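Trainee: Contents of input_14.tsv (TSV, C-alpha atoms):
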chain	number	residue	atom	x	y	z
A	1	MET	CA	33.91	-78.76	200.38
A	2	THR	CA	31.94	-75.52	200.24
A	3	ASN	CA	33.09	-73.02	197.65
A	4	THR	CA	33.50	-69.46	198.89
A	5	PRO	CA	31.87	-66.97	196.51
A	6	SER	CA	34.46	-64.93	194.71
A	7	THR	CA	34.51	-61.16	195.07
A	8	PRO	CA	33.29	-59.51	191.86
A	9	SER	CA	36.14	-57.79	190.05
A	10	ALA	CA	35.94	-54.09	189.27
A	11	PRO	CA	34.61	-53.30	185.81
A	12	ALA	CA	37.28	-52.67	183.20
A	13	ALA	CA	37.94	-48.95	182.80
A	14	PRO	CA	36.94	-47.24	179.55
A	15	VAL	CA	39.82	-46.20	177.31
A	16	THR	CA	40.22	-43.96	174.25
A	17	VAL	CA	42.73	-44.83	171.53
A	18	ILE	CA	43.72	-42.14	169.03
A	19	GLY	CA	45.76	-43.31	166.04
A	20	LEU	CA	44.87	-46.61	164.42
A	21	GLY	CA	48.00	-47.73	162.66
A	22	PRO	CA	49.13	-51.31	163.37
A	23	MET	CA	50.08	-50.51	166.99
A	24	GLY	CA	46.88	-48.59	167.70
A	25	GLN	CA	44.81	-51.37	166.16
A	26	ALA	CA	46.60	-54.00	168.26
A	27	MET	CA	46.26	-51.97	171.47
A	28	SER	CA	42.56	-51.47	170.87
A	29	ARG	CA	42.00	-55.17	170.24
A	30	ALA	CA	43.91	-56.19	173.36
A	31	LEU	CA	41.81	-53.83	175.45
A	32	LEU	CA	38.55	-54.97	173.88
A	33	GLU	CA	39.46	-58.61	174.48
A	34	ALA	CA	40.14	-57.76	178.13
A	35	GLY	CA	36.65	-56.28	178.46
A	36	HIS	CA	37.47	-52.57	178.33
A	37	PRO	CA	34.99	-50.24	176.64
A	38	VAL	CA	37.14	-48.65	173.90
A	39	THR	CA	36.50	-45.44	171.99
A	40	VAL	CA	38.59	-44.95	168.86
A	41	TRP	CA	39.38	-42.08	166.50
A	42	ASN	CA	41.61	-41.86	163.46
A	43	ARG	CA	42.14	-39.22	160.79
A	44	THR	CA	41.15	-41.83	158.20
A	45	PRO	CA	37.79	-43.04	159.60
A	46	ARG	CA	37.74	-46.36	157.72
A	47	ARG	CA	40.66	-47.60	159.83
A	48	ALA	CA	38.21	-47.85	162.71
A	49	ASP	CA	35.73	-50.05	160.83
A	50	ALA	CA	37.05	-53.44	161.93
A	51	LEU	CA	37.41	-52.28	165.54
A	52	VAL	CA	33.86	-50.98	165.57
A	53	GLU	CA	32.70	-54.37	164.31
A	54	ALA	CA	34.66	-55.89	167.21
A	55	GLY	CA	32.85	-53.70	169.73
A	56	ALA	CA	34.68	-50.37	169.85
A	57	ARG	CA	32.84	-47.07	169.72
A	58	ARG	CA	33.80	-44.67	166.93
A	59	ALA	CA	34.22	-41.01	167.90
A	60	ASP	CA	33.49	-38.41	165.24
A	61	SER	CA	36.14	-35.95	166.44
A	62	PRO	CA	39.22	-35.79	168.67
A	63	ARG	CA	37.20	-33.82	171.23
A	64	GLU	CA	34.52	-36.48	171.37
A	65	ALA	CA	37.20	-39.15	171.70
A	66	VAL	CA	38.97	-37.41	174.59
A	67	GLU	CA	35.74	-36.57	176.39
A	68	ALA	CA	34.54	-40.18	176.19
A	69	THR	CA	36.98	-41.50	178.82
A	70	GLY	CA	39.48	-40.43	181.45
A	71	LEU	CA	42.40	-42.19	179.73
A	72	THR	CA	43.54	-41.48	176.18
A	73	LEU	CA	46.26	-43.53	174.51
A	74	LEU	CA	48.00	-41.91	171.55
A	75	SER	CA	49.68	-44.05	168.90
A	76	LEU	CA	50.90	-41.61	166.25
A	77	THR	CA	53.82	-41.00	163.92
A	78	ASP	CA	55.44	-38.46	166.24
A	79	TYR	CA	54.64	-35.86	168.88
A	80	ARG	CA	53.88	-33.18	166.29
A	81	ALA	CA	50.90	-35.30	165.28
A	82	MET	CA	49.59	-35.13	168.86
A	83	HIS	CA	49.57	-31.35	168.70
A	84	ASP	CA	47.99	-31.35	165.24
A	85	ILE	CA	45.14	-33.47	166.60
A	86	LEU	CA	44.67	-32.11	170.12
A	87	ASP	CA	45.64	-28.44	169.98
A	88	GLY	CA	42.01	-27.62	169.19
A	89	THR	CA	40.75	-29.81	172.01
A	90	THR	CA	42.76	-28.50	174.96
A	91	SER	CA	39.69	-27.37	176.93
A	92	ALA	CA	38.68	-31.05	177.20
A	93	LEU	CA	41.98	-32.22	178.67
A	94	ALA	CA	41.64	-31.03	182.28
A	95	GLY	CA	41.44	-33.89	184.76
A	96	ARG	CA	42.25	-36.52	182.15
A	97	THR	CA	45.36	-38.59	181.47
A	98	LEU	CA	47.22	-38.69	178.18
A	99	VAL	CA	49.58	-41.59	177.48
A	100	ASN	CA	51.62	-40.90	174.37
A	101	LEU	CA	53.09	-44.08	172.91
A	102	SER	CA	54.52	-42.35	169.86
A	103	SER	CA	58.19	-42.14	168.95
A	104	ASP	CA	60.14	-38.87	169.12
A	105	THR	CA	62.99	-37.23	170.99
A	106	PRO	CA	63.17	-36.96	174.80
A	107	ALA	CA	63.05	-33.15	174.42
A	108	ALA	CA	59.79	-33.34	172.46
A	109	THR	CA	58.44	-35.65	175.14
A	110	ARG	CA	59.27	-33.25	177.96
A	111	ASP	CA	57.75	-30.34	176.05
A	112	ALA	CA	54.58	-32.38	175.55
A	113	ALA	CA	54.35	-33.15	179.27
A	114	ALA	CA	54.62	-29.44	180.07
A	115	TRP	CA	51.97	-28.66	177.44
A	116	ALA	CA	49.60	-31.25	178.90
A	117	ALA	CA	50.15	-29.96	182.44
A	118	SER	CA	49.39	-26.40	181.29
A	119	HIS	CA	45.95	-27.66	180.27
A	120	GLY	CA	45.34	-29.60	183.48
A	121	ALA	CA	46.07	-33.08	182.12
A	122	SER	CA	48.31	-35.77	183.53
A	123	PHE	CA	50.90	-37.10	181.08
A	124	LEU	CA	52.80	-40.33	180.65
A	125	THR	CA	55.38	-41.18	178.04
A	126	GLY	CA	55.23	-44.75	176.84
A	127	GLY	CA	57.46	-46.96	174.75
A	128	LEU	CA	56.06	-50.28	173.53
A	129	MET	CA	58.97	-52.68	173.13
A	130	VAL	CA	57.39	-55.34	170.91
A	131	PRO	CA	55.78	-55.25	167.46
A	132	ALA	CA	52.02	-55.02	167.06
A	133	PRO	CA	51.29	-58.79	166.79
A	134	MET	CA	52.86	-59.36	170.21
A	135	LEU	CA	50.81	-56.76	172.11
A	136	GLY	CA	48.52	-58.35	174.67
A	137	THR	CA	50.75	-61.42	174.98
A	138	GLU	CA	53.02	-62.51	177.82
A	139	ARG	CA	56.06	-61.41	175.82
A	140	ALA	CA	54.92	-57.79	175.57
A	141	TYR	CA	56.43	-55.11	177.79
A	142	ALA	CA	56.56	-51.32	177.80
A	143	PHE	CA	58.43	-48.51	179.53
A	144	TYR	CA	56.65	-45.52	181.06
A	145	SER	CA	57.73	-42.34	182.78
A	146	GLY	CA	56.11	-39.12	183.89
A	147	ASP	CA	53.21	-38.63	186.32
A	148	GLU	CA	53.60	-41.40	188.89
A	149	GLU	CA	50.08	-41.02	190.31
A	150	ALA	CA	48.59	-41.34	186.84
A	151	PHE	CA	50.71	-44.42	186.20
A	152	ALA	CA	49.54	-46.04	189.44
A	153	ALA	CA	45.91	-45.22	188.63
A	154	HIS	CA	46.05	-46.74	185.16
A	155	ARG	CA	48.67	-49.46	185.59
A	156	ALA	CA	46.15	-52.31	185.47
A	157	THR	CA	44.70	-51.01	182.21
A	158	LEU	CA	48.13	-50.50	180.63
A	159	ALA	CA	49.07	-54.03	181.66
A	160	ARG	CA	46.37	-55.36	179.32
A	161	ILE	CA	48.55	-54.13	176.44
A	162	ALA	CA	52.03	-54.95	177.75
A	163	ALA	CA	53.74	-55.47	181.11
A	164	PRO	CA	54.39	-51.90	182.32
A	165	ARG	CA	57.76	-50.82	183.74
A	166	PHE	CA	57.89	-47.37	185.33
A	167	LEU	CA	61.18	-45.46	185.03
A	168	GLY	CA	60.50	-42.35	187.08
A	169	ALA	CA	59.11	-38.84	186.90
A	170	ASP	CA	61.19	-37.53	183.98
A	171	PRO	CA	58.89	-37.81	180.93
A	172	GLY	CA	61.93	-38.10	178.66
A	173	ARG	CA	63.33	-41.17	180.36
A	174	ALA	CA	60.96	-43.75	178.86
A	175	GLN	CA	61.43	-42.20	175.43
A	176	LEU	CA	65.20	-42.43	175.77
A	177	MET	CA	64.99	-46.05	176.91
A	178	TYR	CA	62.76	-46.78	173.92
A	179	GLN	CA	65.17	-45.12	171.49
A	180	ALA	CA	68.14	-46.93	173.07
A	181	HIS	CA	66.41	-50.26	172.45
A	182	LEU	CA	65.70	-49.27	168.87
A	183	ASP	CA	69.36	-48.33	168.53
A	184	VAL	CA	70.31	-51.91	169.34
A	185	PHE	CA	67.57	-53.29	167.12
A	186	LEU	CA	68.31	-51.17	164.06
A	187	THR	CA	72.07	-51.54	164.37
A	188	THR	CA	71.69	-55.29	164.69
A	189	LEU	CA	69.50	-55.44	161.59
A	190	ALA	CA	72.04	-53.30	159.74
A	191	GLY	CA	74.78	-55.70	160.83
A	192	PHE	CA	72.78	-58.65	159.53
A	193	ALA	CA	72.19	-56.84	156.23
A	194	HIS	CA	75.84	-55.83	155.82
A	195	ALA	CA	77.11	-59.29	156.73
A	196	THR	CA	74.65	-60.91	154.33
A	197	ALA	CA	75.93	-58.68	151.52
A	198	LEU	CA	79.54	-59.44	152.47
A	199	ALA	CA	78.93	-63.21	152.43
A	200	GLY	CA	76.94	-62.86	149.25
A	201	SER	CA	79.92	-61.36	147.48
A	202	ALA	CA	81.45	-64.84	147.63
A	203	GLY	CA	78.33	-66.52	146.34
A	204	ILE	CA	77.06	-67.56	149.77
A	205	THR	CA	73.28	-67.20	149.68
A	206	ALA	CA	71.27	-65.63	152.48
A	207	GLN	CA	69.53	-68.97	152.92
A	208	GLU	CA	72.91	-70.54	153.63
A	209	PHE	CA	74.36	-67.69	155.65
A	210	LEU	CA	71.60	-66.70	158.07
A	211	PRO	CA	71.26	-70.06	159.88
A	212	GLU	CA	75.02	-70.06	160.41
A	213	VAL	CA	75.29	-66.50	161.70
A	214	MET	CA	72.33	-67.00	164.05
A	215	GLN	CA	74.51	-69.40	166.04
A	216	LEU	CA	76.86	-66.49	166.72
A	217	PHE	CA	73.97	-64.18	167.50
A	218	ARG	CA	72.58	-66.55	170.14
A	219	ALA	CA	76.01	-66.95	171.74
A	220	ILE	CA	76.75	-63.21	172.07
A	221	PRO	CA	75.28	-62.74	175.59
A	222	GLU	CA	77.53	-65.46	177.01
A	223	MET	CA	80.51	-64.26	174.98
A	224	ILE	CA	80.35	-60.67	176.23
A	225	ALA	CA	79.18	-61.40	179.77
A	226	PRO	CA	80.34	-64.83	180.98
A	227	ASP	CA	79.77	-63.77	184.59
A	228	GLY	CA	76.35	-62.25	183.91
A	229	ILE	CA	75.00	-59.18	182.20
A	230	GLU	CA	74.53	-57.34	185.51
A	231	ALA	CA	78.24	-57.73	186.26
A	232	LEU	CA	79.12	-56.39	182.82
A	233	GLY	CA	76.85	-53.40	183.39
A	234	ALA	CA	78.42	-52.73	186.79
A	235	ARG	CA	81.90	-52.68	185.24
A	236	ILE	CA	80.79	-50.26	182.54
A	237	ASP	CA	79.21	-47.96	185.15
A	238	ALA	CA	82.47	-48.07	187.13
A	239	GLU	CA	84.43	-47.31	183.93
A	240	GLU	CA	86.33	-50.56	184.30
A	241	HIS	CA	87.19	-52.22	180.99
A	242	PRO	CA	89.38	-55.30	181.57
A	243	GLY	CA	91.02	-56.29	178.30
A	244	GLU	CA	91.80	-59.94	178.80
A	245	GLY	CA	90.77	-61.85	175.71
A	246	SER	CA	89.07	-59.01	173.83
A	247	SER	CA	91.16	-55.88	173.98
A	248	VAL	CA	90.38	-52.77	171.97
A	249	THR	CA	93.52	-53.38	169.90
A	250	MET	CA	92.45	-56.92	169.02
A	251	MET	CA	88.86	-55.97	168.28
A	252	GLY	CA	90.07	-52.95	166.35
A	253	ALA	CA	92.17	-55.17	164.11
A	254	THR	CA	89.09	-57.25	163.43
A	255	ALA	CA	87.17	-54.10	162.57
A	256	ASP	CA	89.96	-53.12	160.19
A	257	HIS	CA	89.74	-56.50	158.48
A	258	VAL	CA	85.95	-56.35	158.08
A	259	HIS	CA	86.21	-52.84	156.65
A	260	ALA	CA	89.02	-53.87	154.27
A	261	ALA	CA	87.10	-56.94	153.09
A	262	SER	CA	84.02	-54.81	152.48
A	263	THR	CA	86.08	-52.34	150.48
A	264	VAL	CA	87.71	-55.03	148.37
A	265	VAL	CA	84.42	-56.70	147.38
A	266	GLY	CA	82.81	-53.35	146.66
A	267	ILE	CA	79.90	-53.29	149.12
A	268	ASP	CA	78.86	-50.23	151.10
A	269	THR	CA	81.33	-49.43	153.90
A	270	THR	CA	79.30	-46.91	155.91
A	271	LEU	CA	78.63	-49.35	158.74
A	272	SER	CA	82.03	-51.04	158.78
A	273	GLY	CA	83.73	-47.64	158.69
A	274	ALA	CA	81.72	-46.42	161.65
A	275	VAL	CA	82.62	-49.50	163.70
A	276	GLN	CA	86.27	-49.14	162.73
A	277	GLY	CA	86.15	-45.51	163.80
A	278	HIS	CA	85.02	-46.38	167.32
A	279	TYR	CA	88.00	-48.67	167.88
A	280	ARG	CA	90.50	-46.31	166.29
A	281	ARG	CA	89.30	-43.52	168.55
A	282	ALA	CA	89.69	-45.69	171.65
A	283	ILE	CA	93.24	-46.66	170.60
A	284	ALA	CA	94.13	-43.04	169.91
A	285	ASP	CA	92.84	-42.13	173.37
A	286	GLY	CA	95.19	-44.66	175.00
A	287	GLY	CA	92.66	-47.45	175.56
A	288	GLY	CA	94.16	-50.11	173.31
A	289	ALA	CA	94.91	-52.55	176.15
A	290	GLU	CA	91.44	-52.20	177.67
A	291	GLY	CA	88.36	-54.23	176.83
A	292	TRP	CA	85.97	-53.52	173.97
A	293	THR	CA	83.56	-51.65	176.26
A	294	ARG	CA	86.16	-48.85	176.31
A	295	ILE	CA	84.66	-47.60	173.03
A	296	ILE	CA	81.65	-46.36	175.04
A	297	SER	CA	83.81	-43.54	176.37
A	298	GLY	CA	84.45	-42.25	172.86
A	299	ILE	CA	80.79	-42.60	171.89
A	300	ARG	CA	79.77	-40.60	174.95
A	301	ALA	CA	82.18	-37.78	174.09
A	302	PRO	CA	82.67	-37.65	170.32
A	303	ARG	CA	85.29	-35.31	169.00
A	304	PRO	CA	83.95	-32.12	167.39
A	305	THR	CA	84.00	-32.07	163.61
A	306	ALA	CA	86.32	-29.62	161.88
Since I need it in another form, could you write the structure as structure tokens?
Mentor:
Amino acid sequence: MTNTPSTPSAPAAPVTVIGLGPMGQAMSRALLEAGHPVTVWNRTPRRADALVEAGARRADSPREAVEATGLTLLSLTDYRAMHDILDGTTSALAGRTLVNLSSDTPAATRDAAAWAASHGASFLTGGLMVPAPMLGTERAYAFYSGDEEAFAAHRATLARIAAPRFLGADPGRAQLMYQAHLDVFLTTLAGFAHATALAGSAGITAQEFLPEVMQLFRAIPEMIAPDGIEALGARIDAEEHPGEGSSVTMMGATADHVHAASTVVGIDTTLSGAVQGHYRRAIADGGGAEGWTRIISGIRAPRPTA
């Protein structure tokens, strides 16, 4: 058999990474390993040392970093940091693409997109949905929104970091999706912490408790959506909350018991009180016979404080 010569692949596009915390470091390494020429800049120059040893080019200023490539990835504390770094470099932004992977509010994200556009730059909001060690692996994924043409142009490069999922033209949408995921993550961790303290009040160690509670954690998807998560989502969107088996009244009683137990043993009740409040609101609004998803209505429209 005669082998057909393969078509040479296009050279990997050069990329700039500004902000070399753990995420910025991991992004840079994933890009370098994929063959991309990477220029890096950080306020603390020594953070670039290991990346330079791995093949990255160190820029001496934000302007030099931005001018080095057509694509700049920002991995910073918040969007204010982007302005602190780039406000003096706006004349270099025209014709380039900024991808801000920092965390902030959707409003800050939309303002940043307008700011970038006013200086002739394309802008994408990004939300990386895995921790730094997982970037560049098959388990990594990220949400993007904003300039669709810029996303299409740089999709292959972004895919070297994490599988990209585009959510539309609204720059705030990816940020909101990112924050919603963190809402689940942080609330879950808080639940683990609170439950560990509650069990610990009876002398049950974390080493004993966590393997047991993980069985419940793994079973939750099937428990809340026996006919599939898409079907559950469709019912929520249709504002249908069937209460067979897990009514608001029943779940609310459970919330009352958890809150009472927490009070009796003397641990913090901030979390248990908040959960109890969601169910009490749904009952007060006439949703006691409906399913637990009815509490979403109250969360969407909280009562004004006195």
Trainee: Give me the residues near Ala65 (chain A) as an mmCIF file with C-alpha atoms, keeping the file's coordinate frame, where near means some atom within 9 Å (using only C-alpha atoms) and where sequence neighbours in that chain fewer than 4 positions away do not count.
Mentor:
data_model
loop_
_atom_site.group_PDB
_atom_site.id
_atom_site.type_symbol
_atom_site.label_atom_id
_atom_site.label_comp_id
_atom_site.auth_asym_id
_atom_site.auth_seq_id
_atom_site.Cartn_x
_atom_site.Cartn_y
_atom_site.Cartn_z
ATOM 1 C CA THR A 16 40.220 -43.960 174.250
ATOM 2 C CA VAL A 17 42.730 -44.830 171.530
ATOM 3 C CA ILE A 18 43.720 -42.140 169.030
ATOM 4 C CA THR A 39 36.500 -45.440 171.990
ATOM 5 C CA VAL A 40 38.590 -44.950 168.860
ATOM 6 C CA TRP A 41 39.380 -42.080 166.500
ATOM 7 C CA ARG A 58 33.800 -44.670 166.930
ATOM 8 C CA ALA A 59 34.220 -41.010 167.900
ATOM 9 C CA ASP A 60 33.490 -38.410 165.240
ATOM 10 C CA SER A 61 36.140 -35.950 166.440
ATOM 11 C CA THR A 69 36.980 -41.500 178.820
ATOM 12 C CA THR A 72 43.540 -41.480 176.180
#
Trainee: Would you compute the distance between CA of Ala193 (chain A) and CA of Ser246 (chain A)? Give it in Å to one decimal.
Mentor: 24.5 Å
Trainee: To one decimal place, how far is CA of Gly245 (chain A) from CA of Thr293 (chain A) in Å?
Mentor: 12.5 Å
Trainee: How far is it from CA of Ala150 (chain A) to CA of Pro171 (chain A), in Å with one decimal?
Mentor: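 Going from CA of Ala150 (chain A) over to CA of Pro171 (chain A), I get 12.4 Å.
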Trainee: Mind checking which residues fall within 12 Å of Ile299 (chain A), counting only C-alpha atoms, ignoring those fewer than 3 positions away in the same chain, and posting them as number ranges by chain?
Mentor: A: 274-275, 277-282, 293-296, 302-304
Trainee: May I have the protein, DNA and RNA residues with any atom at most 7 Å from the point (49.4, -41.6, 176.3), counting all atoms listed in the file, written as a short mmCIF file (atom, residue, chain, number, x, y, z; two decimals) with C-alpha atoms, in the coordinates of the input?
Mentor:
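Writing done, so here's point-v5.cif:
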data_model
loop_
_atom_site.label_atom_id
_atom_site.label_comp_id
_atom_site.auth_asym_id
_atom_site.auth_seq_id
_atom_site.Cartn_x
_atom_site.Cartn_y
_atom_site.Cartn_z
CA THR A 72 43.54 -41.48 176.18
CA LEU A 73 46.26 -43.53 174.51
CA LEU A 74 48.00 -41.91 171.55
CA LEU A 98 47.22 -38.69 178.18
CA VAL A 99 49.58 -41.59 177.48
CA ASN A 100 51.62 -40.90 174.37
CA LEU A 101 53.09 -44.08 172.91
CA PHE A 123 50.90 -37.10 181.08
CA LEU A 124 52.80 -40.33 180.65
CA THR A 125 55.38 -41.18 178.04
CA GLY A 126 55.23 -44.75 176.84
#
Trainee: Of the candidates A:Glu138, A:Asp170, A:Val15, A:Phe209, which shows the shortest atom-to-atom distance to Ala195 (chain A), using all atoms listed in the file?
Mentor: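 Comparing A:Glu138, A:Asp170, A:Val15, A:Phe209 against Ala195 (chain A), the winner is A:Phe209.
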Trainee: Determine, counting all atoms listed in the file, which protein, DNA and RNA residues have an atom within 10 Å of an atom of Gly70 (chain A); residues of the same chain fewer than 5 positions away are not included. Present the result as a list of chain:residue names.
Mentor: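 That gives A:Ala13, A:Pro14, A:Val15, A:Thr16, A:Leu93, A:Ala94, A:Gly95, A:Arg96, A:Thr97, A:Leu98, A:Ala121, A:His154.
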Trainee: Would you save the residues from that selection as a PDB file, in the frame of the given file, using C-alpha atoms?
Mentor:
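Contents of selection_22.pdb, freshly written:
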ATOM      1  CA  ALA A  13      37.940 -48.950 182.800  1.00  0.00           C
ATOM      2  CA  PRO A  14      36.940 -47.240 179.550  1.00  0.00           C
ATOM      3  CA  VAL A  15      39.820 -46.200 177.310  1.00  0.00           C
ATOM      4  CA  THR A  16      40.220 -43.960 174.250  1.00  0.00           C
ATOM      5  CA  LEU A  93      41.980 -32.220 178.670  1.00  0.00           C
ATOM      6  CA  ALA A  94      41.640 -31.030 182.280  1.00  0.00           C
ATOM      7  CA  GLY A  95      41.440 -33.890 184.760  1.00  0.00           C
ATOM      8  CA  ARG A  96      42.250 -36.520 182.150  1.00  0.00           C
ATOM      9  CA  THR A  97      45.360 -38.590 181.470  1.00  0.00           C
ATOM     10  CA  LEU A  98      47.220 -38.690 178.180  1.00  0.00           C
ATOM     11  CA  ALA A 121      46.070 -33.080 182.120  1.00  0.00           C
ATOM     12  CA  HIS A 154      46.050 -46.740 185.160  1.00  0.00           C
TER      13      HIS A 154
END
Trainee: For a quick check of understanding, using all atoms listed in the file, which of A:Pro226, A:Ala180, A:Met214, A:Ser201 has the smallest distance to Ala261 (chain A)?
Mentor: A:Ser201
Trainee: Skipping near chain neighbours, those fewer than 5 positions away, what residues fall within 9 Å of Thr90 (chain A) using all atoms listed in the file, listed as a list in words?
Mentor: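 These residues fall inside the cut-off: Arg63, Ala116, His119 and Gly120 of chain A.
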Trainee: If we count all atoms listed in the file and set the cut-off at 10 Å, which residues sit around Ala199 (chain A), ignoring sequence neighbours fewer than 6 positions away in its own chain? Please answer as an mmCIF file with C-alpha atoms, in the frame of the given file.
Mentor:
data_model
loop_
_atom_site.group_PDB
_atom_site.id
_atom_site.type_symbol
_atom_site.label_atom_id
_atom_site.label_comp_id
_atom_site.auth_asym_id
_atom_site.auth_seq_id
_atom_site.Cartn_x
_atom_site.Cartn_y
_atom_site.Cartn_z
ATOM 1 C CA THR A 205 73.280 -67.200 149.680
ATOM 2 C CA ALA A 206 71.270 -65.630 152.480
ATOM 3 C CA GLU A 208 72.910 -70.540 153.630
ATOM 4 C CA PHE A 209 74.360 -67.690 155.650
ATOM 5 C CA LEU A 210 71.600 -66.700 158.070
ATOM 6 C CA SER A 262 84.020 -54.810 152.480
ATOM 7 C CA VAL A 265 84.420 -56.700 147.380
#
Trainee: Have region 235-251 of chain A completed to N, CA and C atoms, please, and pass it along as an mmCIF file, keeping the file's coordinate frame.
Mentor:
data_model
loop_
_atom_site.group_PDB
_atom_site.id
_atom_site.type_symbol
_atom_site.label_atom_id
_atom_site.label_comp_id
_atom_site.auth_asym_id
_atom_site.auth_seq_id
_atom_site.Cartn_x
_atom_site.Cartn_y
_atom_site.Cartn_z
ATOM 1 N N ARG A 235 80.549 -53.075 185.654
ATOM 2 C CA ARG A 235 81.900 -52.680 185.240
ATOM 3 C C ARG A 235 81.862 -51.445 184.334
ATOM 4 N N ILE A 236 80.910 -51.417 183.424
ATOM 5 C CA ILE A 236 80.790 -50.260 182.540
ATOM 6 C C ILE A 236 80.489 -49.004 183.349
ATOM 7 N N ASP A 237 79.559 -49.112 184.311
ATOM 8 C CA ASP A 237 79.210 -47.960 185.150
ATOM 9 C C ASP A 237 80.411 -47.479 185.956
ATOM 10 N N ALA A 238 81.276 -48.422 186.350
ATOM 11 C CA ALA A 238 82.470 -48.070 187.130
ATOM 12 C C ALA A 238 83.636 -47.665 186.229
ATOM 13 N N GLU A 239 83.397 -47.639 184.918
ATOM 14 C CA GLU A 239 84.430 -47.310 183.930
ATOM 15 C C GLU A 239 85.629 -48.254 184.044
ATOM 16 N N GLU A 240 85.310 -49.518 184.267
ATOM 17 C CA GLU A 240 86.330 -50.560 184.300
ATOM 18 C C GLU A 240 86.175 -51.394 183.030
ATOM 19 N N HIS A 241 87.256 -51.535 182.279
ATOM 20 C CA HIS A 241 87.190 -52.220 180.990
ATOM 21 C C HIS A 241 88.342 -53.226 180.868
ATOM 22 N N PRO A 242 88.296 -54.323 181.631
ATOM 23 C CA PRO A 242 89.380 -55.300 181.570
ATOM 24 C C PRO A 242 89.532 -55.857 180.155
ATOM 25 N N GLY A 243 90.775 -55.944 179.689
ATOM 26 C CA GLY A 243 91.020 -56.290 178.300
ATOM 27 C C GLY A 243 91.459 -57.702 178.030
ATOM 28 N N GLU A 244 91.369 -58.569 179.026
ATOM 29 C CA GLU A 244 91.800 -59.940 178.800
ATOM 30 C C GLU A 244 90.896 -60.614 177.765
ATOM 31 N N GLY A 245 91.504 -61.073 176.692
ATOM 32 C CA GLY A 245 90.770 -61.850 175.710
ATOM 33 C C GLY A 245 90.097 -61.057 174.621
ATOM 34 N N SER A 246 89.763 -59.792 174.861
ATOM 35 C CA SER A 246 89.070 -59.010 173.830
ATOM 36 C C SER A 246 89.425 -57.533 173.969
ATOM 37 N N SER A 247 90.708 -57.258 173.827
ATOM 38 C CA SER A 247 91.160 -55.880 173.980
ATOM 39 C C SER A 247 90.703 -55.015 172.808
ATOM 40 N N VAL A 248 90.730 -53.721 173.028
ATOM 41 C CA VAL A 248 90.380 -52.770 171.970
ATOM 42 C C VAL A 248 91.294 -52.961 170.762
ATOM 43 N N THR A 249 92.584 -53.190 171.009
ATOM 44 C CA THR A 249 93.520 -53.380 169.900
ATOM 45 C C THR A 249 93.152 -54.595 169.065
ATOM 46 N N MET A 250 92.827 -55.706 169.737
ATOM 47 C CA MET A 250 92.450 -56.920 169.020
ATOM 48 C C MET A 250 91.143 -56.733 168.259
ATOM 49 N N MET A 251 90.150 -56.180 168.932
ATOM 50 C CA MET A 251 88.860 -55.970 168.280
ATOM 51 C C MET A 251 88.977 -54.935 167.162
#
